[in-house]
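A.B. asks: I have a structure I would like to understand better, so I am pasting it below and will then ask my questions one at a time.
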Amino acid sequence: MSERKIYAVPNVQTPNTPVRFDPEVCVGCNRCVEICPLDVFIPNPKKGAPPIVLHPEECWLCGVCVTECKNKGAISFIYPMPLKPRWRNKETGEVTQLK
Ligand code: SF4
Ligand code: SF4
């Protein structure tokens, strides 16, 4: 039986990144890969490494991957600019922005 190779290439047209992995915390369990309803990630061929964001443009920012992860801080959102509210404290003038 012949061995087939499959290649997966990230979409360079839409290089946005909806989530950030912390390789120090992520254990590469791939729970987030399995739970994502849109197949944004694929497992990393390197065992124990964070998944690869293959189709970032398909992310709904539904949050399921972040809530499913059992390792706090392993995965977090990078909110797109239109979803980053800024507000100014009336008294101090301090501006706060969602990260
Ligand atoms: S981000 Fe969390 S759920 Fe996803 S592979 Fe890493 S540890 Fe597992
Ligand atoms: S936020 Fe939702 S759609 Fe986006 S990568 Fe996570 S599970 Fe998939």
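Chain labels A, B, ... are given in the sequence in which chains occur in the structure tokens; within each chain residues are numbered consecutively from 1, and ligands are likewise numbered from 1 in the order shown.
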Give me, as CSV, the closest atom pair and its distance (Å, one decimal) for every residue of chain A within a cut-off of 7 Å of ligand 1, counting only C-alpha atoms and all ligand atoms, rows sorted by chain and rising number.
C.D. replies:
residue,atom,partner,partner_atom_place_in_ligand_line,distance
A:Phe21,CA,ligand 1,1 (S),6.1
A:Val25,CA,ligand 1,7 (S),6.8
A:Cys26,CA,ligand 1,6 (Fe),3.7
A:Val27,CA,ligand 1,7 (S),4.5
A:Gly28,CA,ligand 1,5 (S),3.7
A:Cys29,CA,ligand 1,8 (Fe),3.9
A:Asn30,CA,ligand 1,5 (S),3.9
A:Arg31,CA,ligand 1,3 (S),4.2
A:Cys32,CA,ligand 1,4 (Fe),4.3
A:Val33,CA,ligand 1,4 (Fe),6.5
A:Pro50,CA,ligand 1,6 (Fe),5.3
A:Pro51,CA,ligand 1,5 (S),5.8
A:Cys65,CA,ligand 1,3 (S),6.8
A:Glu68,CA,ligand 1,3 (S),6.3
A:Cys69,CA,ligand 1,3 (S),3.8
A:Lys70,CA,ligand 1,2 (Fe),6.0
A:Asn71,CA,ligand 1,7 (S),5.3
A:Ala74,CA,ligand 1,1 (S),4.7
A:Ile75,CA,ligand 1,1 (S),4.6
A.B. asks: Select the residues contacting ligand 2 at a distance of at most 9 Å, based on only C-alpha atoms and all ligand atoms, then format the selection as a list in words.
C.D. replies: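 The residues within 9 Å of ligand 2, counting only C-alpha atoms and all ligand atoms, are Pro18, Val19, Cys32, Val33, Glu34, Ile35, Cys36, Pro37, Leu38, Asp39, Val40, Phe41, Val53, His55, Pro56, Glu57, Glu58, Cys59, Trp60, Leu61, Cys62, Gly63, Val64, Cys65, Val66, Thr67, Glu68 and Phe77 of chain A.
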A.B. asks: Rounded to one decimal in Å, what is the spacing between CA of Ser76 (chain A) and CA of Arg20 (chain A)?
C.D. replies: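 Computing it gives 5.3 Å between the two atoms.
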A.B. asks: Identify all residues of region 22-88 of chain A in alpha helix (DSSP H) (DSSP on the backbone) and supply them as a ChimeraX atom specification.
C.D. replies: /A:31-35,64-68
A.B. asks: Create the file for the chosen residues now, containing N, CA and C atoms and written as a PDB file, in the first residue's frame.
C.D. replies:
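Saved file again21.pdb follows:
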ATOM      1  N   ARG A  31      -7.769  19.443  22.144  1.00  0.00           N
ATOM      2  CA  ARG A  31      -9.202  19.571  22.469  1.00  0.00           C
ATOM      3  C   ARG A  31      -9.816  20.726  21.680  1.00  0.00           C
ATOM      4  N   CYS A  32      -9.074  21.814  21.569  1.00  0.00           N
ATOM      5  CA  CYS A  32      -9.585  22.986  20.836  1.00  0.00           C
ATOM      6  C   CYS A  32      -9.765  22.664  19.349  1.00  0.00           C
ATOM      7  N   VAL A  33      -8.887  21.842  18.820  1.00  0.00           N
ATOM      8  CA  VAL A  33      -8.995  21.453  17.408  1.00  0.00           C
ATOM      9  C   VAL A  33     -10.295  20.676  17.186  1.00  0.00           C
ATOM     10  N   GLU A  34     -10.569  19.763  18.102  1.00  0.00           N
ATOM     11  CA  GLU A  34     -11.741  18.902  17.955  1.00  0.00           C
ATOM     12  C   GLU A  34     -13.039  19.679  18.141  1.00  0.00           C
ATOM     13  N   ILE A  35     -13.032  20.645  19.066  1.00  0.00           N
ATOM     14  CA  ILE A  35     -14.283  21.328  19.412  1.00  0.00           C
ATOM     15  C   ILE A  35     -14.628  22.461  18.444  1.00  0.00           C
ATOM     16  N   VAL A  64     -15.588  28.848  21.931  1.00  0.00           N
ATOM     17  CA  VAL A  64     -15.640  27.458  22.388  1.00  0.00           C
ATOM     18  C   VAL A  64     -14.237  26.889  22.626  1.00  0.00           C
ATOM     19  N   CYS A  65     -13.312  27.228  21.770  1.00  0.00           N
ATOM     20  CA  CYS A  65     -11.950  26.683  21.922  1.00  0.00           C
ATOM     21  C   CYS A  65     -11.316  27.148  23.230  1.00  0.00           C
ATOM     22  N   VAL A  66     -11.564  28.395  23.589  1.00  0.00           N
ATOM     23  CA  VAL A  66     -10.966  28.939  24.815  1.00  0.00           C
ATOM     24  C   VAL A  66     -11.615  28.315  26.043  1.00  0.00           C
ATOM     25  N   THR A  67     -12.940  28.165  26.019  1.00  0.00           N
ATOM     26  CA  THR A  67     -13.622  27.599  27.188  1.00  0.00           C
ATOM     27  C   THR A  67     -13.368  26.101  27.309  1.00  0.00           C
ATOM     28  N   GLU A  68     -13.124  25.430  26.225  1.00  0.00           N
ATOM     29  CA  GLU A  68     -12.881  23.983  26.264  1.00  0.00           C
ATOM     30  C   GLU A  68     -11.490  23.643  26.804  1.00  0.00           C
TER      31      GLU A  68
END
A.B. asks: Quick one: DSSP strand (DSSP E) residues in chain A, as a CSV table (one decimal) with C-alpha atoms, in the first residue's frame?
C.D. replies:
chain,number,residue,atom,x,y,z
A,19,VAL,CA,-6.3,33.3,18.8
A,20,ARG,CA,-2.9,33.2,20.4
A,21,PHE,CA,-1.3,30.1,21.8
A,41,PHE,CA,-7.0,24.7,13.5
A,42,ILE,CA,-5.2,21.5,12.6
A,52,ILE,CA,-1.7,25.4,13.8
A,53,VAL,CA,-4.1,28.1,12.8
A,75,ILE,CA,-5.2,29.9,24.3
A,76,SER,CA,-6.6,33.4,24.2
A,77,PHE,CA,-8.4,35.7,21.8
A,86,ARG,CA,-12.2,51.9,24.3
A,87,TRP,CA,-13.6,54.0,27.0
A,88,ARG,CA,-12.4,57.1,28.9
A,95,VAL,CA,-8.3,55.5,28.4
A,96,THR,CA,-8.8,51.8,28.7
A,97,GLN,CA,-8.9,49.4,25.8
A.B. asks: By how many Å are CA of Leu83 (chain A) and CA of Thr17 (chain A) apart?
C.D. replies: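 Rounded to one decimal, the two atoms are 14.2 Å apart.
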